[in-house]
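Colleague: So here's protein_39.txt, just compact mmCIF, C-alpha atoms:
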```txt
# COMPACT_ATOMS: atom_id res chain seq x y z
CA MET T 1 78.55 89.09 88.82
CA LYS T 2 80.30 90.00 92.07
CA PRO T 3 84.10 90.26 92.29
CA LEU T 4 85.86 88.84 95.33
CA SER T 5 86.82 91.26 98.06
CA ARG T 6 90.52 91.59 98.90
CA ARG T 7 90.07 89.33 101.92
CA GLN T 8 88.18 86.72 99.89
CA LEU T 9 90.98 86.81 97.34
CA ALA T 10 93.50 86.23 100.14
CA TRP T 11 91.35 83.35 101.42
CA ARG T 12 91.36 81.70 98.00
CA ALA T 13 95.15 81.95 97.65
CA ALA T 14 95.62 80.55 101.16
CA GLN T 15 93.72 77.35 100.32
CA ASP T 16 96.43 76.32 97.83
CA ILE T 17 99.36 76.61 100.25
CA GLU T 18 100.59 73.16 101.13
CA GLU T 19 101.36 71.70 104.52
CA GLY T 20 105.00 72.23 105.44
CA ALA T 21 105.66 74.96 102.88
CA TYR T 22 108.14 77.79 103.50
CA VAL T 23 106.36 80.86 102.17
CA ASN T 24 107.14 84.54 101.72
CA LEU T 25 104.20 86.93 101.55
CA GLY T 26 104.79 90.19 99.70
CA ILE T 27 103.58 93.45 101.18
CA GLY T 28 100.01 94.59 100.52
CA LEU T 29 97.40 92.05 99.41
CA PRO T 30 99.56 88.93 99.96
CA THR T 31 100.12 89.86 103.61
CA LEU T 32 96.40 89.15 104.23
CA VAL T 33 96.87 85.51 103.21
CA SER T 34 98.34 84.45 106.56
CA ASP T 35 94.93 85.01 108.20
CA PHE T 36 93.32 82.27 106.10
CA ILE T 37 95.58 79.22 106.24
CA PRO T 38 93.21 76.29 106.89
CA HIS T 39 93.18 75.19 110.51
CA GLY T 40 95.68 72.45 111.30
CA ARG T 41 97.88 73.12 108.29
CA GLU T 42 101.44 74.03 109.33
CA VAL T 43 103.02 76.66 107.09
CA ILE T 44 106.21 78.60 107.90
CA PHE T 45 106.22 82.25 106.87
CA HIS T 46 109.49 83.94 106.01
CA SER T 47 109.89 87.68 106.42
CA GLU T 48 112.71 89.30 104.46
CA ASN T 49 113.89 91.30 107.48
CA GLY T 50 115.19 88.16 109.12
CA ILE T 51 112.34 86.05 110.46
CA LEU T 52 111.15 82.48 109.94
CA GLY T 53 107.99 81.45 111.74
CA LEU T 54 106.29 84.81 111.53
CA GLY T 55 103.07 84.78 113.56
CA PRO T 56 99.92 86.91 113.49
CA ALA T 57 99.80 90.59 114.43
CA PRO T 58 100.15 91.14 118.19
CA LYS T 59 97.24 92.12 120.41
CA GLU T 60 96.93 95.78 121.20
CA GLY T 61 99.35 96.68 123.95
CA GLU T 62 101.60 93.68 123.23
CA GLU T 63 103.56 95.21 120.33
CA ASP T 64 107.34 94.81 120.47
CA PRO T 65 109.23 97.72 118.88
CA ASP T 66 111.98 95.33 117.68
CA LEU T 67 109.62 92.88 115.96
CA ILE T 68 108.08 93.89 112.63
CA ASN T 69 107.19 92.24 109.33
CA ALA T 70 108.24 93.20 105.80
CA GLY T 71 105.40 95.73 105.59
CA LYS T 72 106.81 97.40 108.76
CA GLY T 73 103.76 96.37 110.80
CA PHE T 74 104.15 94.89 114.28
CA ALA T 75 104.49 91.12 114.23
CA THR T 76 104.90 88.09 116.47
CA LEU T 77 107.08 84.98 116.34
CA LEU T 78 105.65 81.46 116.61
CA PRO T 79 107.25 78.83 118.86
CA GLY T 80 110.08 77.35 116.77
CA GLY T 81 110.62 80.61 114.92
CA ALA T 82 114.06 82.11 114.34
CA TYR T 83 115.74 85.47 113.81
CA PHE T 84 118.71 85.92 111.49
CA HIS T 85 120.45 88.72 109.64
CA HIS T 86 119.64 90.12 106.21
CA ASN T 87 122.29 88.24 104.31
CA ASP T 88 121.05 84.86 105.57
CA SER T 89 117.51 85.98 104.84
CA PHE T 90 118.36 86.56 101.18
CA VAL T 91 120.41 83.37 100.97
CA MET T 92 117.06 81.72 101.71
CA VAL T 93 115.34 83.83 99.06
CA ARG T 94 117.89 83.68 96.26
CA GLY T 95 119.11 80.17 96.93
CA GLY T 96 115.80 78.48 96.14
CA HIS T 97 114.97 77.58 99.75
CA LEU T 98 111.50 79.11 99.73
CA ASP T 99 108.78 76.90 98.29
CA LEU T 100 106.51 79.76 97.38
CA ALA T 101 106.37 83.55 97.18
CA LEU T 102 103.04 85.33 96.88
CA LEU T 103 103.51 88.75 95.33
CA GLY T 104 101.34 91.71 94.49
CA ALA T 105 101.70 93.17 91.01
CA TYR T 106 100.74 96.10 88.82
CA GLU T 107 100.71 93.80 85.79
CA VAL T 108 101.38 90.24 84.67
CA SER T 109 101.91 89.26 81.04
CA GLU T 110 100.71 86.14 79.27
CA ALA T 111 104.28 84.79 79.40
CA GLY T 112 104.29 85.14 83.20
CA ASP T 113 106.36 88.33 83.30
CA ILE T 114 105.68 90.40 86.39
CA ALA T 115 105.86 94.19 86.87
CA ASN T 116 105.54 95.42 90.43
CA TRP T 117 108.30 97.89 91.31
CA THR T 118 107.80 101.12 89.38
CA VAL T 119 105.09 103.04 87.57
CA GLU T 120 107.74 105.38 86.12
CA ASP T 121 106.17 108.50 87.56
CA PRO T 122 108.86 111.14 88.15
CA ASN T 123 107.03 112.27 91.29
CA THR T 124 106.82 108.79 92.78
CA PRO T 125 110.16 107.22 93.64
CA PRO T 126 110.39 103.55 92.64
CA GLY T 127 110.84 100.82 95.26
CA VAL T 128 111.99 97.30 94.52
CA GLY T 129 112.58 95.93 98.03
CA GLY T 130 112.93 92.16 97.89
CA ALA T 131 110.60 91.69 94.91
CA MET T 132 113.28 90.94 92.31
CA ASP T 133 115.12 88.61 94.68
CA LEU T 134 111.91 86.68 95.42
CA ALA T 135 110.83 86.60 91.78
CA ALA T 136 114.19 85.16 90.75
CA GLY T 137 114.78 82.87 93.71
CA ALA T 138 111.63 81.32 95.16
CA LYS T 139 110.67 77.90 93.76
CA GLU T 140 107.24 79.13 92.75
CA ILE T 141 105.75 82.58 92.21
CA ARG T 142 102.03 83.28 92.43
CA VAL T 143 100.49 86.71 92.13
CA LEU T 144 97.49 88.27 93.86
CA MET T 145 95.99 91.36 92.28
CA GLU T 146 92.75 93.11 91.45
CA HIS T 147 91.66 92.04 87.98
CA ASN T 148 91.56 95.63 86.71
CA THR T 149 92.97 98.98 87.79
CA ARG T 150 90.76 101.56 89.48
CA ASP T 151 90.20 103.08 86.00
CA GLY T 152 89.16 99.68 84.62
CA ALA T 153 92.37 99.07 82.66
CA PRO T 154 93.46 95.42 82.42
CA ARG T 155 96.34 94.22 84.57
CA LEU T 156 96.71 90.94 82.67
CA ARG T 157 98.53 92.13 79.57
CA ARG T 158 99.96 90.66 76.39
CA LEU T 159 103.19 92.42 77.41
CA CYS T 160 103.68 94.40 80.60
CA SER T 161 103.59 98.14 80.02
CA TYR T 162 105.59 98.86 83.18
CA PRO T 163 109.24 97.82 83.65
CA LEU T 164 109.63 94.16 84.57
CA THR T 165 110.50 92.76 87.96
CA ALA T 166 111.32 89.39 86.37
CA ALA T 167 110.52 87.64 83.09
CA GLY T 168 108.51 84.43 82.80
CA VAL T 169 108.36 83.49 86.49
CA VAL T 170 104.66 83.67 87.44
CA LYS T 171 102.87 80.30 87.60
CA ARG T 172 99.43 81.27 88.93
CA ILE T 173 97.44 84.49 89.27
CA TYR T 174 94.61 85.05 91.70
CA THR T 175 92.46 88.01 90.73
CA THR T 176 89.20 89.37 92.05
CA LEU T 177 87.47 87.61 89.13
CA ALA T 178 89.43 84.46 88.36
CA VAL T 179 92.18 81.96 89.11
CA ILE T 180 94.47 81.73 86.11
CA ASP T 181 97.49 79.52 85.43
CA VAL T 182 100.39 80.50 83.21
CA GLY T 183 101.04 77.53 80.95
CA PRO T 184 103.30 76.87 77.98
CA GLU T 185 100.40 77.83 75.70
CA GLY T 186 99.48 80.98 77.60
CA LEU T 187 96.90 81.82 80.26
CA VAL T 188 94.44 79.14 81.33
CA VAL T 189 91.38 80.08 83.39
CA ARG T 190 90.82 77.53 86.18
CA GLU T 191 88.11 79.35 88.10
CA MET T 192 85.78 82.30 87.49
CA VAL T 193 83.37 84.07 89.84
CA PRO T 194 79.73 83.00 89.36
CA ASP T 195 77.66 84.75 86.67
CA LEU T 196 80.73 85.55 84.60
CA ASP T 197 81.50 83.75 81.34
CA ILE T 198 84.79 83.53 79.49
CA ALA T 199 83.70 86.23 76.99
CA GLY T 200 82.91 88.56 79.88
CA LEU T 201 86.26 87.81 81.56
CA GLN T 202 88.13 88.23 78.27
CA SER T 203 86.51 91.65 77.77
CA LYS T 204 88.21 92.80 81.01
CA THR T 205 91.56 91.27 80.08
CA GLU T 206 94.11 92.23 77.44
CA ALA T 207 96.01 88.93 77.48
CA THR T 208 94.43 86.02 75.61
CA LEU T 209 92.61 83.60 77.89
CA THR T 210 91.74 79.93 77.39
CA LEU T 211 89.11 78.28 79.56
CA ALA T 212 90.16 75.00 81.14
CA ASN T 213 87.80 72.11 80.36
CA ASP T 214 87.46 71.36 84.05
CA TRP T 215 87.03 75.00 85.15
CA ARG T 216 85.09 75.62 88.34
CA PRO T 217 83.24 78.53 89.90
CA LEU T 218 85.48 80.75 92.05
CA LYS T 219 83.87 80.92 95.46
CA ALA T 220 85.03 82.19 98.82
CA PRO T 221 83.17 82.35 102.13
CA ALA T 222 80.97 85.42 102.53
CA GLU T 223 82.38 88.05 104.87
CA MET B 1 144.36 96.46 126.63
CA ILE B 2 141.98 96.43 123.71
CA ASP B 3 139.22 98.87 124.40
CA LYS B 4 136.87 99.90 121.58
CA ARG B 5 134.59 101.82 123.89
CA VAL B 6 134.37 105.53 123.22
CA LYS B 7 133.04 107.98 125.75
CA ASP B 8 130.16 109.51 123.81
CA LEU B 9 128.34 109.63 120.49
CA ALA B 10 130.09 112.85 119.38
CA THR B 11 133.53 111.27 119.83
CA ALA B 12 132.37 108.16 117.96
CA VAL B 13 131.58 110.11 114.77
CA ALA B 14 134.10 112.96 115.08
CA ASP B 15 136.34 111.92 112.17
CA ILE B 16 133.66 111.14 109.54
CA ARG B 17 134.54 113.20 106.50
CA ASP B 18 132.53 115.08 103.91
CA GLY B 19 131.78 112.86 100.91
CA ALA B 20 131.95 109.63 102.91
CA THR B 21 129.93 106.55 101.99
CA ILE B 22 127.97 105.59 105.08
CA PHE B 23 126.10 102.36 105.77
CA TYR B 24 122.99 103.05 107.79
CA ALA B 25 121.61 99.82 109.23
CA GLY B 26 117.99 99.12 110.04
CA PHE B 27 114.80 98.02 108.35
CA GLY B 28 112.14 100.70 108.56
CA GLN B 29 112.56 102.13 112.02
CA VAL B 30 113.80 98.89 113.57
CA GLY B 31 117.52 98.63 114.24
CA GLU B 32 118.24 102.18 113.08
CA PRO B 33 121.25 103.90 114.70
CA VAL B 34 119.28 107.11 115.19
CA GLU B 35 121.46 108.55 117.97
CA LEU B 36 124.66 108.14 115.92
CA VAL B 37 123.02 110.06 113.09
CA ASP B 38 122.01 112.83 115.49
CA ALA B 39 125.67 113.06 116.47
CA LEU B 40 126.66 113.11 112.80
CA LEU B 41 124.21 115.97 112.17
CA ALA B 42 125.84 117.96 114.94
CA GLN B 43 129.30 117.07 113.61
CA GLY B 44 128.44 118.62 110.25
CA ALA B 45 129.65 116.14 107.60
CA ARG B 46 127.95 116.71 104.24
CA ASP B 47 127.87 115.52 100.64
CA LEU B 48 127.36 112.02 101.99
CA THR B 49 126.36 108.84 100.19
CA LEU B 50 124.01 106.85 102.40
CA VAL B 51 123.45 103.13 101.96
CA ALA B 52 120.29 101.92 103.68
CA ASN B 53 117.34 99.63 103.03
CA ASN B 54 114.80 102.45 103.22
CA GLY B 55 114.64 106.21 102.77
CA GLY B 56 114.01 107.18 106.36
CA THR B 57 110.86 107.59 108.44
CA GLY B 58 109.35 110.73 109.92
CA GLU B 59 111.93 113.39 110.69
CA VAL B 60 114.48 111.41 112.69
CA GLY B 61 117.68 109.59 111.76
CA LEU B 62 118.22 109.23 108.01
CA SER B 63 115.19 111.43 107.25
CA LYS B 64 116.67 114.27 109.25
CA LEU B 65 120.01 113.88 107.50
CA ILE B 66 118.20 114.16 104.15
CA LYS B 67 116.09 117.10 105.32
CA GLU B 68 119.23 118.95 106.43
CA ARG B 69 120.67 118.43 102.93
CA ARG B 70 123.62 116.36 104.03
CA VAL B 71 122.91 113.47 101.68
CA ARG B 72 123.99 113.67 98.04
CA LYS B 73 123.04 110.13 97.10
CA LEU B 74 120.95 107.31 98.55
CA ILE B 75 121.62 103.68 97.65
CA CYS B 76 118.66 101.62 98.84
CA SER B 77 116.04 99.02 97.93
CA PHE B 78 112.80 100.66 99.02
CA PRO B 79 112.86 104.41 99.66
CA ARG B 80 109.12 104.92 99.91
CA THR B 81 107.73 103.61 103.18
CA THR B 82 105.54 104.82 106.00
CA ASP B 83 106.05 108.58 106.20
CA SER B 84 109.14 108.97 104.02
CA HIS B 85 108.22 112.57 103.16
CA CYS B 86 111.75 113.96 103.70
CA PHE B 87 113.18 111.65 101.04
CA GLU B 88 110.22 112.14 98.70
CA GLU B 89 110.52 115.93 98.82
CA ALA B 90 114.25 115.78 98.13
CA TYR B 91 113.62 113.33 95.27
CA ARG B 92 110.93 115.47 93.64
CA GLU B 93 113.10 118.56 93.95
CA GLY B 94 116.06 116.72 92.41
CA ARG B 95 118.19 117.30 95.50
CA ILE B 96 119.11 113.66 95.95
CA GLU B 97 120.39 110.98 93.61
CA LEU B 98 118.80 107.53 93.99
CA GLU B 99 120.43 104.20 93.15
CA LEU B 100 117.84 101.46 93.54
CA VAL B 101 119.23 98.00 94.33
CA PRO B 102 117.26 94.78 94.95
CA GLN B 103 117.33 94.11 98.68
CA GLY B 104 119.24 90.81 98.59
CA THR B 105 121.69 92.18 96.06
CA LEU B 106 122.26 95.19 98.31
CA SER B 107 123.02 92.90 101.23
CA GLU B 108 125.24 90.60 99.15
CA ARG B 109 127.19 93.51 97.62
CA ILE B 110 127.93 94.75 101.14
CA ARG B 111 128.92 91.24 102.22
CA ALA B 112 131.18 90.90 99.18
CA ALA B 113 133.00 94.09 100.17
CA GLY B 114 133.61 92.64 103.62
CA ALA B 115 134.41 89.15 102.40
CA GLY B 116 137.05 89.88 99.77
CA VAL B 117 134.77 88.86 96.91
CA ALA B 118 135.40 90.96 93.79
CA GLY B 119 132.04 90.28 92.16
CA PHE B 120 129.26 87.72 91.89
CA TYR B 121 126.58 86.65 89.43
CA VAL B 122 122.90 86.45 90.35
CA ARG B 123 119.69 85.90 88.39
CA VAL B 124 118.09 88.75 90.33
CA GLY B 125 117.39 91.69 88.05
CA ALA B 126 118.21 89.89 84.80
CA GLU B 127 116.27 91.38 81.86
CA THR B 128 115.16 94.35 83.96
CA LYS B 129 116.00 98.04 83.95
CA LEU B 130 117.99 97.67 87.17
CA ALA B 131 120.54 95.52 85.34
CA GLU B 132 120.95 97.87 82.37
CA GLY B 133 124.61 98.39 81.55
CA LYS B 134 125.76 95.51 83.74
CA GLU B 135 127.72 92.53 82.43
CA THR B 136 125.66 89.38 82.05
CA ARG B 137 126.50 85.73 81.58
CA VAL B 138 124.48 82.56 81.11
CA PHE B 139 124.90 79.82 83.74
CA ASP B 140 122.81 76.63 83.58
CA GLY B 141 120.69 78.16 80.85
CA HIS B 142 119.75 81.24 82.87
CA LEU B 143 120.91 84.81 82.40
CA HIS B 144 122.85 86.14 85.40
CA VAL B 145 123.95 89.69 86.21
CA LEU B 146 127.42 90.57 87.48
CA GLU B 147 127.21 92.56 90.70
CA LYS B 148 130.14 94.38 92.28
CA PRO B 149 130.99 94.89 95.95
CA LEU B 150 129.68 97.96 97.72
CA LYS B 151 132.29 99.34 100.10
CA GLY B 152 131.49 101.65 102.95
CA ASP B 153 133.79 104.15 104.59
CA VAL B 154 131.74 103.95 107.76
CA ALA B 155 128.98 101.65 109.07
CA LEU B 156 126.59 103.01 111.67
CA ILE B 157 125.31 100.06 113.67
CA ARG B 158 122.78 99.62 116.44
CA ALA B 159 122.91 96.68 118.82
CA GLU B 160 121.37 95.63 122.09
CA LYS B 161 124.59 94.76 123.91
CA GLY B 162 128.30 95.08 123.25
CA ASP B 163 131.60 94.63 125.07
CA ARG B 164 135.00 96.35 124.93
CA TRP B 165 136.23 93.95 122.22
CA GLY B 166 133.33 95.02 120.00
CA ASN B 167 131.32 91.80 120.21
CA LEU B 168 127.65 92.55 119.55
CA VAL B 169 124.27 91.01 120.19
CA TYR B 170 121.03 92.25 118.62
CA ARG B 171 117.41 91.83 119.57
CA LYS B 172 114.71 90.15 117.44
CA SER B 173 114.20 91.65 113.97
CA ALA B 174 116.46 94.60 114.85
CA ARG B 175 119.40 92.48 113.70
CA ASN B 176 118.55 92.91 109.98
CA PHE B 177 121.31 94.74 108.05
CA ASN B 178 123.50 95.42 111.10
CA PRO B 179 125.84 92.38 110.95
CA VAL B 180 126.51 92.57 107.22
CA MET B 181 127.04 96.33 107.28
CA ALA B 182 129.54 95.98 110.12
CA MET B 183 131.50 93.59 107.87
CA GLY B 184 131.44 95.74 104.76
CA ALA B 185 132.78 99.08 106.00
CA ARG B 186 136.33 100.19 106.80
CA LEU B 187 135.12 101.68 110.09
CA ALA B 188 132.18 100.22 112.00
CA ILE B 189 130.71 102.26 114.84
CA ALA B 190 128.15 100.53 117.04
CA GLN B 191 125.73 102.27 119.35
CA VAL B 192 124.59 99.80 121.99
CA LYS B 193 121.91 99.97 124.63
CA GLU B 194 124.24 98.40 127.13
CA ILE B 195 127.98 97.81 127.41
CA VAL B 196 128.68 94.63 129.33
CA ALA B 197 131.84 93.19 130.84
CA LEU B 198 134.13 91.11 128.64
CA GLY B 199 132.99 87.50 128.94
CA ALA B 200 129.42 88.40 129.85
CA LEU B 201 128.11 87.69 126.34
CA ASP B 202 127.60 83.99 125.63
CA PRO B 203 130.33 83.13 123.10
CA GLU B 204 127.96 80.62 121.45
CA SER B 205 125.51 83.43 120.74
CA ILE B 206 127.56 86.43 119.65
CA HIS B 207 125.95 87.77 116.46
CA THR B 208 128.77 90.07 115.31
CA PRO B 209 132.29 89.10 116.42
CA GLY B 210 134.32 92.09 117.52
CA ILE B 211 136.77 91.87 114.61
CA PHE B 212 134.14 93.64 112.49
CA VAL B 213 133.58 96.46 114.98
CA ASP B 214 135.88 99.40 115.65
CA ARG B 215 133.99 101.56 118.14
CA VAL B 216 131.33 100.86 120.72
CA VAL B 217 129.33 103.63 122.33
CA ALA B 218 126.49 103.44 124.81
CA PHE B 219 123.38 105.48 124.14
CA GLY B 220 120.24 106.28 126.02
CA PRO B 221 119.78 106.11 129.77
CA ALA B 222 122.98 104.85 131.41
```
Take the structure from the file and write it as structure tokens.

Modeller:
Amino acid sequence: MKPLSRRQLAWRAAQDIEEGAYVNLGIGLPTLVSDFIPHGREVIFHSENGILGLGPAPKEGEEDPDLINAGKGFATLLPGGAYFHHNDSFVMVRGGHLDLALLGAYEVSEAGDIANWTVEDPNTPPGVGGAMDLAAGAKEIRVLMEHNTRDGAPRLRRLCSYPLTAAGVVKRIYTTLAVIDVGPEGLVVREMVPDLDIAGLQSKTEATLTLANDWRPLKAPAE
Amino acid sequence: MIDKRVKDLATAVADIRDGATIFYAGFGQVGEPVELVDALLAQGARDLTLVANNGGTGEVGLSKLIKERRVRKLICSFPRTTDSHCFEEAYREGRIELELVPQGTLSERIRAAGAGVAGFYVRVGAETKLAEGKETRVFDGHLHVLEKPLKGDVALIRAEKGDRWGNLVYRKSARNFNPVMAMGARLAIAQVKEIVALGALDPESIHTPGIFVDRVVAFGPA
């Protein structure tokens, strides 16, 4: 059994983004998703710092000091893109104008609660950024995260152990081992990496999982 | 004749008092009024409350103000970014108070202060620690949190161009918090790369109308 790499995980999440969608990518893992939108599909990326139509990273030597993305990396603007101020940016976020937000997370619960802003370590200041605004305002929230922590602890929990970013908002979770939907009856496994069975996946997961009847192998192009 | 131009950065910040609440625009290092903060450091004001999106980068601007122990409290959404060691040290040593606010709520609270709105309800933060102690109310079946305006004594703004009436234009993603912060403070001071003649800015494309701006000062190479 071989988990997906971070880039393969981003590839898998990108395949589900629909033509014409307005999408916000959270910092970290979700930022990688923009590299894998299928050719010919037009998707408009929103960046919380006042950009619609965010393009790929600039070539070396072509960076513009006044043009960055939410992760503070240099960015570009696509033809048709627009700049606006922070308040308008969060009108878009909070007012339900974004079709989709892809967020990273420390943990997700079986009710779709998400925790991604603090680990409550007195030496590490918390940072919420736009995560709570996105979680409350985007039409759909999907999460990308490694299936387990570096120490092997589960990130899919019965209840989140870290403070919540929002309750009951996550609809789909892409992990390095599986694609899982949050349904009214709990977590439903849609895809699993080859050579893993539901018992094996459950053993790495605290939340209770149900395998969809029509589940499929989770595959991404080799790197 | 209305003339909001001031001759230099030191004059622009001369009357900022100890204990003031200061809006510091910018997102990461983009759109930060670094030169105004350098002038404020030289001016000496202390015991300040800073309102910013981040906690400063490297050892310039907000970071320097924190390092020099001028900041009592930081109200921001995301203090920990690329090289925010000045804030992190102050935080670990308990030298600085932190009020964490979701980014859109931060922006909207500042807007409310400038717009004469006494409070507003949002779903953002409902059922989280950041809403603890705040009034809540259910609208359309969803829990909302009452948020109050955040007023600034002073806004430090950075723009690309300005004129003597205080009209401002920004460049690319450097606009960010600048327009809303100019609205939400009693005194808005804008550092601009270039001061242009009245009428030179396209009136269809002015980002911040001069009514929100009190002082305009050129910085950098003249």

Colleague: So, counting only C-alpha atoms, which residue among B:Ala174, B:Met183, B:Ala126, B:Cys86 is closest to Gly168 in chain T?

Modeller: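 Using only C-alpha atoms, Gly168 in chain T sits closest to B:Ala126.
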
Colleague: What is the distance between CA of Val51 in chain B and CA of Lys151 in chain B, in Å to one decimal?

Modeller: 9.8 Å

Colleague: Which residue out of B:Ala118, B:Ile22, B:Met1, B:Val169 has the minimum interatomic distance to chain T when all atoms listed in the file are used?

Modeller: B:Val169

Colleague: So, counting all atoms listed in the file, which residue among T:Arg155, T:Ala57, T:Val188, T:His147 is closest to Lys72 in chain T?

Modeller: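 Going through T:Arg155, T:Ala57, T:Val188, T:His147 one by one, the smallest distance to Lys72 in chain T is for T:Ala57.
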
Colleague: Which residues, written as a list in words, have at least one atom at most 8 Å from Ala178 in chain T, with all atoms listed in the file counted and residues fewer than 5 positions away on the same chain left out?

Modeller: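 Once the adjacent positions are removed, what remains is His147, Val189, Arg190, Glu191, Met192, Val193 and Leu218 of chain T.
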
Colleague: Write a file of the just-selected residues containing C-alpha atoms, as a tab-separated table (two decimals), in the coordinates of the input.

Modeller:
```
chain	number	residue	atom	x	y	z
T	147	HIS	CA	91.66	92.04	87.98
T	189	VAL	CA	91.38	80.08	83.39
T	190	ARG	CA	90.82	77.53	86.18
T	191	GLU	CA	88.11	79.35	88.10
T	192	MET	CA	85.78	82.30	87.49
T	193	VAL	CA	83.37	84.07	89.84
T	218	LEU	CA	85.48	80.75	92.05
```

Colleague: Compile a residue-level contact table for chain T against chain B at a cut-off of 9 Å, reporting for every qualifying residue the shortest atom pair and its distance in Å to one decimal, with all atoms listed in the file counted, rows ordered by chain and ascending number, as JSON lines.

Modeller:
```
{"residue": "T:Glu48", "atom": "CA", "partner": "B:Asn176", "partner_atom": "CA", "distance": 8.8}
{"residue": "T:Asn49", "atom": "CA", "partner": "B:Asn176", "partner_atom": "CA", "distance": 5.5}
{"residue": "T:Gly50", "atom": "CA", "partner": "B:Asn176", "partner_atom": "CA", "distance": 5.9}
{"residue": "T:Ile51", "atom": "CA", "partner": "B:Ser173", "partner_atom": "CA", "distance": 6.9}
{"residue": "T:Pro65", "atom": "CA", "partner": "B:Val30", "partner_atom": "CA", "distance": 7.1}
{"residue": "T:Asp66", "atom": "CA", "partner": "B:Ala174", "partner_atom": "CA", "distance": 5.3}
{"residue": "T:Leu67", "atom": "CA", "partner": "B:Ser173", "partner_atom": "CA", "distance": 5.1}
{"residue": "T:Ile68", "atom": "CA", "partner": "B:Ser173", "partner_atom": "CA", "distance": 6.7}
{"residue": "T:Asn69", "atom": "CA", "partner": "B:Ser173", "partner_atom": "CA", "distance": 8.4}
{"residue": "T:Ala70", "atom": "CA", "partner": "B:Phe27", "partner_atom": "CA", "distance": 8.5}
{"residue": "T:Gly71", "atom": "CA", "partner": "B:Thr81", "partner_atom": "CA", "distance": 8.6}
{"residue": "T:Lys72", "atom": "CA", "partner": "B:Gly28", "partner_atom": "CA", "distance": 6.3}
{"residue": "T:Ala82", "atom": "CA", "partner": "B:Lys172", "partner_atom": "CA", "distance": 8.6}
{"residue": "T:Tyr83", "atom": "CA", "partner": "B:Lys172", "partner_atom": "CA", "distance": 6.0}
{"residue": "T:Phe84", "atom": "CA", "partner": "B:Arg175", "partner_atom": "CA", "distance": 7.0}
{"residue": "T:His85", "atom": "CA", "partner": "B:Asn176", "partner_atom": "CA", "distance": 4.6}
{"residue": "T:His86", "atom": "CA", "partner": "B:Asn176", "partner_atom": "CA", "distance": 4.8}
{"residue": "T:Asn87", "atom": "CA", "partner": "B:Ser107", "partner_atom": "CA", "distance": 5.6}
{"residue": "T:Ser89", "atom": "CA", "partner": "B:Gly104", "partner_atom": "CA", "distance": 8.1}
{"residue": "T:Phe90", "atom": "CA", "partner": "B:Gly104", "partner_atom": "CA", "distance": 5.1}
{"residue": "T:Val91", "atom": "CA", "partner": "B:Gly104", "partner_atom": "CA", "distance": 7.9}
{"residue": "T:Val93", "atom": "CA", "partner": "B:Gly104", "partner_atom": "CA", "distance": 8.0}
{"residue": "T:Arg94", "atom": "CA", "partner": "B:Gly104", "partner_atom": "CA", "distance": 7.6}
{"residue": "T:Pro122", "atom": "CA", "partner": "B:Arg92", "partner_atom": "CA", "distance": 7.3}
{"residue": "T:Asn123", "atom": "CA", "partner": "B:Arg92", "partner_atom": "CA", "distance": 5.6}
{"residue": "T:Thr124", "atom": "CA", "partner": "B:Glu88", "partner_atom": "CA", "distance": 7.6}
{"residue": "T:Pro125", "atom": "CA", "partner": "B:Arg80", "partner_atom": "CA", "distance": 6.8}
{"residue": "T:Pro126", "atom": "CA", "partner": "B:Phe78", "partner_atom": "CA", "distance": 7.4}
{"residue": "T:Gly127", "atom": "CA", "partner": "B:Phe78", "partner_atom": "CA", "distance": 4.2}
{"residue": "T:Val128", "atom": "CA", "partner": "B:Ser77", "partner_atom": "CA", "distance": 5.6}
{"residue": "T:Gly129", "atom": "CA", "partner": "B:Ser77", "partner_atom": "CA", "distance": 4.6}
{"residue": "T:Gly130", "atom": "CA", "partner": "B:Gln103", "partner_atom": "CA", "distance": 4.9}
{"residue": "T:Ala131", "atom": "CA", "partner": "B:Pro102", "partner_atom": "CA", "distance": 7.3}
{"residue": "T:Met132", "atom": "CA", "partner": "B:Val124", "partner_atom": "CA", "distance": 5.6}
{"residue": "T:Asp133", "atom": "CA", "partner": "B:Val124", "partner_atom": "CA", "distance": 5.3}
{"residue": "T:Leu134", "atom": "CA", "partner": "B:Val124", "partner_atom": "CA", "distance": 8.3}
{"residue": "T:Ala135", "atom": "CA", "partner": "B:Val124", "partner_atom": "CA", "distance": 7.7}
{"residue": "T:Ala136", "atom": "CA", "partner": "B:Val124", "partner_atom": "CA", "distance": 5.3}
{"residue": "T:Gly137", "atom": "CA", "partner": "B:Val124", "partner_atom": "CA", "distance": 7.5}
{"residue": "T:Pro163", "atom": "CA", "partner": "B:Lys129", "partner_atom": "CA", "distance": 6.8}
{"residue": "T:Leu164", "atom": "CA", "partner": "B:Thr128", "partner_atom": "CA", "distance": 5.6}
{"residue": "T:Thr165", "atom": "CA", "partner": "B:Thr128", "partner_atom": "CA", "distance": 6.3}
{"residue": "T:Ala166", "atom": "CA", "partner": "B:Gly125", "partner_atom": "CA", "distance": 6.7}
{"residue": "T:Ala167", "atom": "CA", "partner": "B:Glu127", "partner_atom": "CA", "distance": 7.0}
```

Colleague: One number please: CA of Ala199 in chain T to CA of Pro154 in chain T, in Å, one decimal.

Modeller: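 Taking CA of Ala199 in chain T and CA of Pro154 in chain T, their separation equals 14.5 Å.
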
Colleague: To one decimal place in Å, what is the distance between CA of Val119 in chain T and CA of Cys160 in chain T?

Modeller: 11.2 Å

Colleague: Quick one: of T:Lys219, T:Ala21, T:Arg12, T:His97, who's nearest to Val143 in chain T, counting only C-alpha atoms?

Modeller: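 For Val143 in chain T, the nearest of the candidates is T:Arg12.
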